[in-house]
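Reproduced below: structure-v1.txt, with compact mmCIF, C-alpha atoms.
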```txt
# COMPACT_ATOMS: atom_id res chain seq x y z
CA MET A 1 52.15 171.38 41.26
CA ALA A 2 53.47 174.38 39.34
CA VAL A 3 52.75 172.58 36.05
CA LEU A 4 49.13 171.93 37.08
CA VAL A 5 48.63 175.58 38.03
CA SER A 6 50.12 176.69 34.72
CA GLU A 7 47.83 174.38 32.74
CA TYR A 8 44.83 175.52 34.76
CA THR A 9 45.63 179.17 34.09
CA GLU A 10 46.15 178.46 30.41
CA ALA A 11 42.78 176.70 30.22
CA ILE A 12 41.03 179.66 31.86
CA LEU A 13 42.63 182.15 29.47
CA MET A 14 41.77 179.98 26.49
CA ASN A 15 38.12 179.76 27.51
CA ILE A 16 37.98 183.53 28.04
CA HIS A 17 39.34 183.95 24.51
CA LYS A 18 36.74 181.55 23.14
CA VAL A 19 33.89 183.38 24.85
CA CYS A 20 35.16 186.71 23.51
CA CYS A 21 35.24 185.25 19.98
CA LEU A 22 31.65 184.06 20.29
CA VAL A 23 30.52 187.46 21.62
CA VAL A 24 32.23 189.26 18.73
CA GLN A 25 30.65 186.90 16.21
CA THR A 26 27.20 187.41 17.72
CA VAL A 27 27.56 191.21 17.79
CA LEU A 28 28.71 191.29 14.18
CA LEU A 29 25.79 189.11 13.10
CA VAL A 30 23.25 191.28 14.95
CA CYS A 31 24.76 194.50 13.59
CA MET A 32 24.78 193.22 10.01
CA LEU A 33 21.07 192.39 9.97
CA PRO A 34 19.82 196.03 9.81
CA TYR A 35 22.61 196.87 7.34
CA LYS A 36 21.53 194.02 5.06
CA LEU A 37 17.88 195.05 5.36
CA ILE A 38 18.51 198.72 4.57
CA SER A 39 20.92 198.00 1.72
CA SER A 40 18.47 195.53 0.13
CA ILE A 41 15.77 198.24 0.13
CA ILE A 42 18.00 201.04 -1.20
CA PHE A 43 19.92 198.86 -3.66
CA PRO A 44 17.61 196.00 -4.68
CA ASN A 45 19.50 193.14 -6.28
CA THR A 46 17.44 191.47 -8.99
CA PRO A 47 18.34 187.78 -9.37
CA LYS A 48 20.27 187.09 -12.54
CA ALA A 49 18.73 184.83 -15.19
CA PHE A 50 20.92 182.14 -16.75
CA SER A 51 20.74 180.88 -20.33
CA SER A 52 23.16 177.93 -20.33
CA VAL A 53 23.29 175.69 -17.27
CA PHE A 54 25.34 172.56 -16.50
CA ILE A 55 24.20 170.45 -13.52
CA THR A 56 25.75 167.26 -12.14
CA GLY A 57 23.72 164.80 -10.09
CA ALA A 58 20.65 165.95 -12.04
CA GLY A 59 18.90 162.58 -12.02
CA GLY A 60 17.11 163.19 -8.73
CA GLY A 61 16.82 165.20 -5.54
CA ILE A 62 18.14 168.76 -5.48
CA GLY A 63 19.80 168.44 -8.90
CA ALA A 64 16.60 167.38 -10.66
CA GLU A 65 14.59 170.12 -8.95
CA MET A 66 17.20 172.71 -9.94
CA ALA A 67 16.92 171.56 -13.55
CA ARG A 68 13.13 171.91 -13.49
CA GLN A 69 13.24 175.37 -11.92
CA TYR A 70 15.89 176.66 -14.31
CA ALA A 71 14.05 175.22 -17.32
CA SER A 72 12.30 177.81 -19.46
CA LYS A 73 12.06 178.88 -23.08
CA ASP A 74 15.42 179.08 -24.89
CA VAL A 75 17.41 177.97 -21.82
CA HIS A 76 20.05 175.33 -22.59
CA LEU A 77 20.37 172.66 -19.92
CA THR A 78 23.11 170.05 -19.78
CA LEU A 79 22.15 167.44 -17.21
CA ALA A 80 24.77 164.97 -16.04
CA ASP A 81 24.35 161.87 -13.92
CA LEU A 82 26.00 158.48 -13.68
CA HIS A 83 22.68 156.79 -14.46
CA THR A 84 21.12 157.99 -17.73
CA GLU A 85 17.78 156.30 -17.00
CA LYS A 86 17.24 158.69 -14.09
CA LEU A 87 17.70 161.64 -16.41
CA SER A 88 15.03 160.61 -18.94
CA GLU A 89 12.04 161.80 -16.91
CA VAL A 90 13.80 164.99 -15.80
CA LYS A 91 14.70 165.72 -19.44
CA LEU A 92 11.06 165.38 -20.54
CA GLN A 93 9.84 167.60 -17.72
CA CYS A 94 12.35 170.32 -18.59
CA GLU A 95 11.58 170.14 -22.31
CA LYS A 96 7.88 170.62 -21.58
CA LEU A 97 8.86 173.88 -19.87
CA GLY A 98 10.57 175.02 -23.08
CA ALA A 99 14.22 174.24 -22.35
CA VAL A 100 16.70 172.71 -24.77
CA VAL A 101 18.06 169.70 -22.86
CA ASN A 102 21.09 167.48 -23.34
CA THR A 103 21.79 164.57 -21.00
CA ILE A 104 25.15 162.95 -20.29
CA SER A 105 25.98 159.73 -18.48
CA VAL A 106 29.27 160.47 -16.76
CA ASP A 107 31.07 159.68 -13.53
CA VAL A 108 32.21 162.93 -11.89
CA THR A 109 35.31 161.15 -10.56
CA ASP A 110 36.53 160.65 -14.16
CA LYS A 111 38.59 163.79 -14.75
CA ASP A 112 39.06 163.40 -18.51
CA LYS A 113 35.42 162.59 -19.29
CA MET A 114 34.18 165.45 -17.11
CA ARG A 115 36.49 167.89 -18.88
CA LYS A 116 35.19 166.70 -22.26
CA ALA A 117 31.57 166.94 -21.08
CA VAL A 118 31.90 170.47 -19.68
CA CYS A 119 33.91 171.74 -22.64
CA ALA A 120 31.48 170.19 -25.16
CA ALA A 121 28.53 171.83 -23.42
CA ASP A 122 30.38 175.15 -23.37
CA ASP A 123 31.28 174.88 -27.06
CA GLU A 124 27.62 174.31 -27.97
CA CYS A 125 26.32 177.16 -25.83
CA PRO A 126 28.72 179.11 -23.56
CA LEU A 127 27.96 178.15 -19.97
CA ASP A 128 27.02 180.95 -17.61
CA LEU A 129 26.14 178.64 -14.70
CA VAL A 130 27.81 175.39 -13.62
CA ILE A 131 26.47 173.53 -10.59
CA ALA A 132 28.61 170.86 -8.90
CA ASN A 133 25.74 169.06 -7.22
CA ALA A 134 26.59 165.35 -7.49
CA GLY A 135 27.17 163.76 -4.10
CA VAL A 136 26.82 160.51 -2.19
CA ASN A 137 26.63 159.42 1.43
CA ALA A 138 27.76 156.16 2.99
CA PRO A 139 24.24 154.73 3.65
CA THR A 140 23.57 154.81 -0.11
CA LEU A 141 26.68 152.69 -0.78
CA LEU A 142 26.46 150.12 2.00
CA ASN A 143 24.93 147.48 -0.22
CA LYS A 144 28.11 147.62 -2.32
CA SER A 145 30.68 147.27 0.44
CA SER A 146 30.72 146.44 4.14
CA LYS A 147 34.01 148.26 4.81
CA VAL A 148 32.48 151.58 5.83
CA LEU A 149 35.60 153.24 7.22
CA SER A 150 37.80 152.37 4.25
CA ASP A 151 36.15 151.45 0.96
CA VAL A 152 32.89 153.37 1.36
CA SER A 153 34.49 156.45 2.90
CA SER A 154 36.99 156.72 0.06
CA ILE A 155 34.18 156.57 -2.53
CA VAL A 156 32.25 159.30 -0.70
CA THR A 157 35.37 161.49 -0.66
CA GLU A 158 36.14 160.89 -4.33
CA VAL A 159 32.65 161.88 -5.47
CA ASN A 160 32.07 164.77 -3.07
CA VAL A 161 35.56 166.28 -3.27
CA ILE A 162 37.35 165.21 -6.46
CA GLY A 163 34.03 165.29 -8.34
CA VAL A 164 33.56 168.96 -7.49
CA CYS A 165 37.05 169.81 -8.77
CA ASN A 166 36.51 167.81 -11.96
CA THR A 167 33.24 169.65 -12.59
CA LEU A 168 34.36 173.20 -11.89
CA SER A 169 37.96 173.22 -13.15
CA PRO A 170 37.17 173.19 -16.92
CA ALA A 171 34.43 175.77 -16.39
CA ILE A 172 36.72 178.06 -14.41
CA GLU A 173 39.14 178.29 -17.33
CA ARG A 174 36.41 179.23 -19.80
CA MET A 175 34.65 181.69 -17.49
CA ARG A 176 37.86 183.49 -16.54
CA SER A 177 38.64 184.05 -20.20
CA ARG A 178 35.15 185.54 -20.72
CA LYS A 179 35.17 187.47 -17.41
CA SER A 180 31.69 186.19 -16.59
CA GLY A 181 29.86 183.21 -15.15
CA GLN A 182 28.59 181.66 -11.94
CA LEU A 183 29.80 178.53 -10.15
CA VAL A 184 27.77 176.68 -7.52
CA ILE A 185 28.80 173.99 -5.05
CA THR A 186 26.14 172.01 -3.22
CA ALA A 187 27.55 171.53 0.27
CA SER A 188 25.49 170.73 3.36
CA PHE A 189 24.54 171.72 6.89
CA PHE A 190 27.06 169.05 7.91
CA GLY A 191 29.75 171.20 6.31
CA LEU A 192 29.24 173.75 9.08
CA LEU A 193 29.51 171.31 11.96
CA GLY A 194 33.19 170.49 11.96
CA MET A 195 32.38 167.06 13.31
CA MET A 196 30.18 164.00 12.94
CA GLY A 197 31.47 161.06 14.90
CA ASP A 198 29.25 158.48 13.25
CA LYS A 199 30.81 156.01 10.83
CA LEU A 200 27.92 156.38 8.39
CA THR A 201 28.14 160.16 8.14
CA PHE A 202 31.63 161.30 9.09
CA ALA A 203 33.07 161.01 5.55
CA TYR A 204 30.08 162.89 4.12
CA ALA A 205 30.41 165.64 6.75
CA SER A 206 34.15 165.91 6.14
CA SER A 207 33.67 166.23 2.39
CA LYS A 208 31.09 168.97 2.87
CA ILE A 209 33.43 170.90 5.20
CA TRP A 210 35.93 170.82 2.34
CA ALA A 211 33.23 171.97 -0.10
CA CYS A 212 32.40 175.00 2.07
CA THR A 213 36.05 175.98 2.49
CA TYR A 214 36.90 175.41 -1.18
CA GLY A 215 33.90 177.38 -2.40
CA MET A 216 34.46 180.37 -0.13
CA GLY A 217 38.15 180.46 -1.01
CA LEU A 218 37.43 180.17 -4.73
CA ARG A 219 34.94 183.03 -4.46
CA THR A 220 37.61 185.32 -3.06
CA ILE A 221 40.02 184.42 -5.86
CA LEU A 222 37.56 184.79 -8.76
CA GLN A 223 35.55 187.83 -7.69
CA SER A 224 38.04 190.24 -9.27
CA GLU A 225 37.47 188.46 -12.61
CA ASN A 226 33.68 188.84 -12.45
CA VAL A 227 33.12 185.12 -11.88
CA GLY A 228 30.75 184.44 -9.01
CA VAL A 229 30.84 181.47 -6.64
CA THR A 230 27.98 180.36 -4.39
CA VAL A 231 28.08 177.61 -1.79
CA VAL A 232 24.69 176.10 -0.98
CA CYS A 233 24.33 174.72 2.55
CA PRO A 234 20.97 172.97 2.91
CA GLY A 235 19.73 171.41 6.12
CA ALA A 236 17.40 168.40 5.96
CA ILE A 237 15.68 168.36 2.54
CA LYS A 238 13.20 165.67 1.50
CA THR A 239 15.22 163.81 -1.14
CA GLU A 240 16.42 160.28 -1.88
CA LEU A 241 19.57 161.00 0.14
CA LEU A 242 17.51 161.68 3.25
CA ALA A 243 15.55 158.48 2.65
CA ASP A 244 18.77 156.46 2.47
CA VAL A 245 19.95 157.94 5.76
CA LYS A 246 16.58 157.19 7.36
CA ALA A 247 16.79 153.56 6.24
CA LYS A 248 19.97 153.25 8.33
CA GLY A 249 18.30 154.57 11.48
CA ILE A 250 18.90 158.32 11.25
CA ASN A 251 15.48 159.94 11.02
CA LEU A 252 15.48 163.65 10.15
CA ASP A 253 11.89 163.81 8.86
CA LYS A 254 10.73 166.16 11.60
CA THR A 255 13.14 168.87 10.56
CA ALA A 256 13.06 168.21 6.79
CA VAL A 257 11.42 170.58 4.31
CA ASP A 258 10.07 169.99 0.81
CA CYS A 259 12.60 170.09 -2.00
CA GLY A 260 10.73 172.55 -4.25
CA PRO A 261 10.63 175.60 -1.93
CA ALA A 262 14.15 174.82 -0.67
CA VAL A 263 15.58 174.84 -4.19
CA LYS A 264 13.69 178.04 -5.00
CA GLN A 265 15.51 179.71 -2.11
CA MET A 266 18.84 178.34 -3.37
CA ILE A 267 18.21 179.65 -6.88
CA GLN A 268 17.37 183.12 -5.60
CA GLY A 269 20.68 183.21 -3.71
CA VAL A 270 22.62 181.96 -6.73
CA GLY A 271 20.98 184.59 -8.95
CA LYS A 272 22.12 187.31 -6.54
CA ASN A 273 25.63 185.82 -6.27
CA VAL A 274 25.30 185.28 -2.52
CA GLY A 275 28.44 183.72 -1.06
CA VAL A 276 26.77 181.10 1.13
CA VAL A 277 23.07 180.23 0.90
CA TYR A 278 21.67 178.63 4.05
CA VAL A 279 18.48 176.63 3.61
CA ASN A 280 16.51 175.26 6.55
CA ILE A 281 19.21 176.25 9.05
CA GLY A 282 18.28 178.59 11.92
CA ILE A 283 20.36 181.55 13.09
CA LEU A 284 20.97 180.00 16.50
CA THR A 285 22.22 176.84 14.85
CA ARG A 286 24.66 178.87 12.76
CA LEU A 287 26.02 180.49 15.92
CA VAL A 288 26.58 177.16 17.65
CA VAL A 289 28.04 175.16 14.76
CA GLY A 290 31.35 175.63 13.03
CA VAL A 291 34.68 176.59 14.53
CA PHE A 292 33.20 178.59 17.39
CA GLY A 293 30.92 175.79 18.48
CA TYR A 294 33.69 173.25 18.18
CA ASN A 295 36.00 175.34 20.35
CA LEU A 296 33.44 176.39 22.95
CA ILE A 297 31.57 173.18 23.60
CA PRO A 298 33.48 170.69 25.81
CA PRO A 299 34.79 167.73 23.77
CA PHE A 300 32.85 165.14 25.76
CA LEU A 301 29.60 166.92 24.75
CA TRP A 302 30.67 167.76 21.19
CA ASN A 303 31.60 164.14 20.47
CA GLU A 304 28.19 162.97 21.61
CA ALA A 305 26.31 165.49 19.45
CA PRO A 306 25.65 163.04 16.57
CA LEU A 307 24.01 160.61 18.96
CA VAL A 308 21.85 163.37 20.43
CA ILE A 309 20.80 164.59 16.98
CA THR A 310 19.92 161.06 15.93
CA ALA A 311 17.94 160.41 19.11
CA LEU A 312 15.97 163.64 18.75
CA GLY A 313 15.20 162.90 15.12
CA SER A 314 13.93 159.39 15.82
CA ASN A 315 11.54 160.42 18.61
```
Can you give me the file's structure in the form of structure tokens?
Amino acid sequence: MAVLVSEYTEAILMNIHKVCCLVVQTVLLVCMLPYKLISSIIFPNTPKAFSSVFITGAGGGIGAEMARQYASKDVHLTLADLHTEKLSEVKLQCEKLGAVVNTISVDVTDKDKMRKAVCAADDECPLDLVIANAGVNAPTLLNKSSKVLSDVSSIVTEVNVIGVCNTLSPAIERMRSRKSGQLVITASFFGLLGMMGDKLTFAYASSKIWACTYGMGLRTILQSENVGVTVVCPGAIKTELLADVKAKGINLDKTAVDCGPAVKQMIQGVGKNVGVVYVNIGILTRLVVGVFGYNLIPPFLWNEAPLVITALGSN
């Protein structure tokens, strides 16, 4: 009986602590809004322009749109993707906008080849922006393997985690020596959730949680050396990735936004060296998700959240 009372008391105290944490977070967020507004008016921050850009996963989706929006006269673009044929059209579009474009067929999980690719691009024209954008999700790979929880999940993790390291590591060395540059990691709204109990999406969500944590930590380390780091956290964006997820029964069309305006918002944040750029994610959603949401919402509800999200999206 004494043990039960002790556990009950501990549970009450823990929940009080959780509520206090959420209140503090909410107050800080509300208080920062006027500060951000006033500081942006007094000290306007003009987005930085980049002259030499390296983008992985540039054959389609967000990567291709980033390439097009960064393309302009005298800008050097190095576009990398595993499938060169996907890059051909993007290359032509960027060249029409005046950019000098090189394309590379490379697997981001190949450490040696990625190092050679990044270093070669930097030798030709010193990189001032490197974007680790390449990523995959399980639904895209299901036609290659039926072992979702083992084979497919390991591939997702290799591309979305090891691929980011392979892309940024060579660039970090060069940028630190020059004391300048900007690194970008394309994460996801799923990286804020701290969960996703669906076998088709849990590995993707887990990899994006890592991407958020890695990027924010890297930013803290490199800021003293004048190297910026931005983590991009988009919600549902109309790309091939979203189409693959939809084909497996997860329909997010109702909440999805067009890729062009979404990428424009990302680029503005990158140019201003914003730490985390949220795209198509509401303030209330940001308050609920993440560590606070995971701790505050009862497990039996939190674990069912993926099913609820899927059901809402398909209606």
Expected answer as a JSON list (two decimals) with C-alpha atoms, in the coordinates of the input: all residues with atoms within 12 Å of (19.8, 178.0, -22.0), all atoms listed in the file:
```
[["chain", "number", "residue", "atom", "x", "y", "z"],
["A", 49, "ALA", "CA", 18.73, 184.83, -15.19],
["A", 50, "PHE", "CA", 20.92, 182.14, -16.75],
["A", 51, "SER", "CA", 20.74, 180.88, -20.33],
["A", 52, "SER", "CA", 23.16, 177.93, -20.33],
["A", 53, "VAL", "CA", 23.29, 175.69, -17.27],
["A", 54, "PHE", "CA", 25.34, 172.56, -16.50],
["A", 67, "ALA", "CA", 16.92, 171.56, -13.55],
["A", 70, "TYR", "CA", 15.89, 176.66, -14.31],
["A", 71, "ALA", "CA", 14.05, 175.22, -17.32],
["A", 72, "SER", "CA", 12.30, 177.81, -19.46],
["A", 73, "LYS", "CA", 12.06, 178.88, -23.08],
["A", 74, "ASP", "CA", 15.42, 179.08, -24.89],
["A", 75, "VAL", "CA", 17.41, 177.97, -21.82],
["A", 76, "HIS", "CA", 20.05, 175.33, -22.59],
["A", 77, "LEU", "CA", 20.37, 172.66, -19.92],
["A", 78, "THR", "CA", 23.11, 170.05, -19.78],
["A", 79, "LEU", "CA", 22.15, 167.44, -17.21],
["A", 94, "CYS", "CA", 12.35, 170.32, -18.59],
["A", 95, "GLU", "CA", 11.58, 170.14, -22.31],
["A", 97, "LEU", "CA", 8.86, 173.88, -19.87],
["A", 98, "GLY", "CA", 10.57, 175.02, -23.08],
["A", 99, "ALA", "CA", 14.22, 174.24, -22.35],
["A", 100, "VAL", "CA", 16.70, 172.71, -24.77],
["A", 101, "VAL", "CA", 18.06, 169.70, -22.86],
["A", 102, "ASN", "CA", 21.09, 167.48, -23.34],
["A", 121, "ALA", "CA", 28.53, 171.83, -23.42],
["A", 122, "ASP", "CA", 30.38, 175.15, -23.37],
["A", 124, "GLU", "CA", 27.62, 174.31, -27.97],
["A", 125, "CYS", "CA", 26.32, 177.16, -25.83],
["A", 126, "PRO", "CA", 28.72, 179.11, -23.56],
["A", 127, "LEU", "CA", 27.96, 178.15, -19.97],
["A", 128, "ASP", "CA", 27.02, 180.95, -17.61],
["A", 129, "LEU", "CA", 26.14, 178.64, -14.70],
["A", 130, "VAL", "CA", 27.81, 175.39, -13.62]]
```
Each residue of region 47-157 of chain A with at least one atom at most 12 Å from region 234-237 of chain A should appear once, together with its nearest atom pair and the corresponding distance in Å (one decimal); atoms considered: all atoms listed in the file; ordering: chain, then increasing residue number; output as a Markdown table.
```
| residue | atom | partner | partner_atom | distance |
| --- | --- | --- | --- | --- |
| A:Gly61 | CA | A:Ile237 | CA | 8.8 |
| A:Ile62 | CA | A:Ile237 | CA | 8.4 |
| A:Glu65 | CA | A:Ile237 | CA | 11.7 |
| A:Asn133 | CA | A:Pro234 | CA | 11.9 |
```
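Minimum distance to Met175 (chain A) across A:Val227, A:Lys48, A:Thr213, A:Cys31 (counting all atoms listed in the file) occurs at A:Val227.
For the pair CA of Arg219 (chain A) and CA of Ala171 (chain A), the interatomic distance is 14.0 Å.
Closest approach to Leu168 (chain A) among A:Ala187, A:Ala203, A:Cys119, A:Pro34: A:Cys119, based on all atoms listed in the file.
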What separation in Å, quoted to one decimal, exists between CA of Ala58 (chain A) and CA of Trp210 (chain A)?
21.5 Å
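For Glu85 (chain A), the residues within 10 Å (counting only C-alpha atoms, excluding itself and residues fewer than 5 positions away along the chain) are A:Gly59, A:Val90, A:Ser105.
Neighbouring residues of Val263 (chain A) at 12 Å or closer, counting all atoms listed in the file and skipping chain neighbours under 4 positions away, are A:Gly61, A:Ile62, A:Gly63, A:Ala64, A:Glu65, A:Met66, A:Ala67, A:Arg68, A:Gln69, A:Tyr70, A:Thr186, A:Val232, A:Cys233, A:Pro234, A:Gly235, A:Ile237, A:Lys238, A:Thr239, A:Val257, A:Asp258, A:Cys259, A:Ile267, A:Gln268, A:Gly269, A:Val270, A:Val277, A:Tyr278, A:Val279, A:Asn280.
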Take the residues that were just selected and, keeping C-alpha atoms, output them as a short mmCIF file (atom, residue, chain, number, x, y, z; two decimals), in the frame of the given file.
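Dumped everything to out-v2.cif:
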```cif
data_model
loop_
_atom_site.label_atom_id
_atom_site.label_comp_id
_atom_site.auth_asym_id
_atom_site.auth_seq_id
_atom_site.Cartn_x
_atom_site.Cartn_y
_atom_site.Cartn_z
CA GLY A 61 16.82 165.20 -5.54
CA ILE A 62 18.14 168.76 -5.48
CA GLY A 63 19.80 168.44 -8.90
CA ALA A 64 16.60 167.38 -10.66
CA GLU A 65 14.59 170.12 -8.95
CA MET A 66 17.20 172.71 -9.94
CA ALA A 67 16.92 171.56 -13.55
CA ARG A 68 13.13 171.91 -13.49
CA GLN A 69 13.24 175.37 -11.92
CA TYR A 70 15.89 176.66 -14.31
CA THR A 186 26.14 172.01 -3.22
CA VAL A 232 24.69 176.10 -0.98
CA CYS A 233 24.33 174.72 2.55
CA PRO A 234 20.97 172.97 2.91
CA GLY A 235 19.73 171.41 6.12
CA ILE A 237 15.68 168.36 2.54
CA LYS A 238 13.20 165.67 1.50
CA THR A 239 15.22 163.81 -1.14
CA VAL A 257 11.42 170.58 4.31
CA ASP A 258 10.07 169.99 0.81
CA CYS A 259 12.60 170.09 -2.00
CA ILE A 267 18.21 179.65 -6.88
CA GLN A 268 17.37 183.12 -5.60
CA GLY A 269 20.68 183.21 -3.71
CA VAL A 270 22.62 181.96 -6.73
CA VAL A 277 23.07 180.23 0.90
CA TYR A 278 21.67 178.63 4.05
CA VAL A 279 18.48 176.63 3.61
CA ASN A 280 16.51 175.26 6.55
#
```
Atom-to-atom span, CA of Cys212 (chain A) and CA of Val231 (chain A), Å
6.4 Å
Would you list the contacts of Asp81 (chain A) as a ChimeraX atom specification, taking every protein, DNA or RNA residue within 10 Å and counting only C-alpha atoms, but skipping same-chain residues closer than 5 positions in sequence?
/A:55-60,63,86-87,103-108,133-134
If you count only C-alpha atoms, which residues fall within 12 Å of Thr109 (chain A), apart from same-chain ones fewer than 6 positions away, as a PDB file with C-alpha atoms, in the frame of the given file?
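Writing the result to out.pdb gives the following:
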```pdb
ATOM      1  CA  THR A  56      25.750 167.260 -12.140  1.00  0.00           C
ATOM      2  CA  ASP A  81      24.350 161.870 -13.920  1.00  0.00           C
ATOM      3  CA  LEU A  82      26.000 158.480 -13.680  1.00  0.00           C
ATOM      4  CA  ARG A 115      36.490 167.890 -18.880  1.00  0.00           C
ATOM      5  CA  ALA A 132      28.610 170.860  -8.900  1.00  0.00           C
ATOM      6  CA  ALA A 134      26.590 165.350  -7.490  1.00  0.00           C
ATOM      7  CA  GLY A 135      27.170 163.760  -4.100  1.00  0.00           C
ATOM      8  CA  VAL A 136      26.820 160.510  -2.190  1.00  0.00           C
ATOM      9  CA  SER A 154      36.990 156.720   0.060  1.00  0.00           C
ATOM     10  CA  ILE A 155      34.180 156.570  -2.530  1.00  0.00           C
ATOM     11  CA  VAL A 156      32.250 159.300  -0.700  1.00  0.00           C
ATOM     12  CA  THR A 157      35.370 161.490  -0.660  1.00  0.00           C
ATOM     13  CA  GLU A 158      36.140 160.890  -4.330  1.00  0.00           C
ATOM     14  CA  VAL A 159      32.650 161.880  -5.470  1.00  0.00           C
ATOM     15  CA  ASN A 160      32.070 164.770  -3.070  1.00  0.00           C
ATOM     16  CA  VAL A 161      35.560 166.280  -3.270  1.00  0.00           C
ATOM     17  CA  ILE A 162      37.350 165.210  -6.460  1.00  0.00           C
ATOM     18  CA  GLY A 163      34.030 165.290  -8.340  1.00  0.00           C
ATOM     19  CA  VAL A 164      33.560 168.960  -7.490  1.00  0.00           C
ATOM     20  CA  CYS A 165      37.050 169.810  -8.770  1.00  0.00           C
ATOM     21  CA  ASN A 166      36.510 167.810 -11.960  1.00  0.00           C
ATOM     22  CA  THR A 167      33.240 169.650 -12.590  1.00  0.00           C
TER      23      THR A 167
END
```
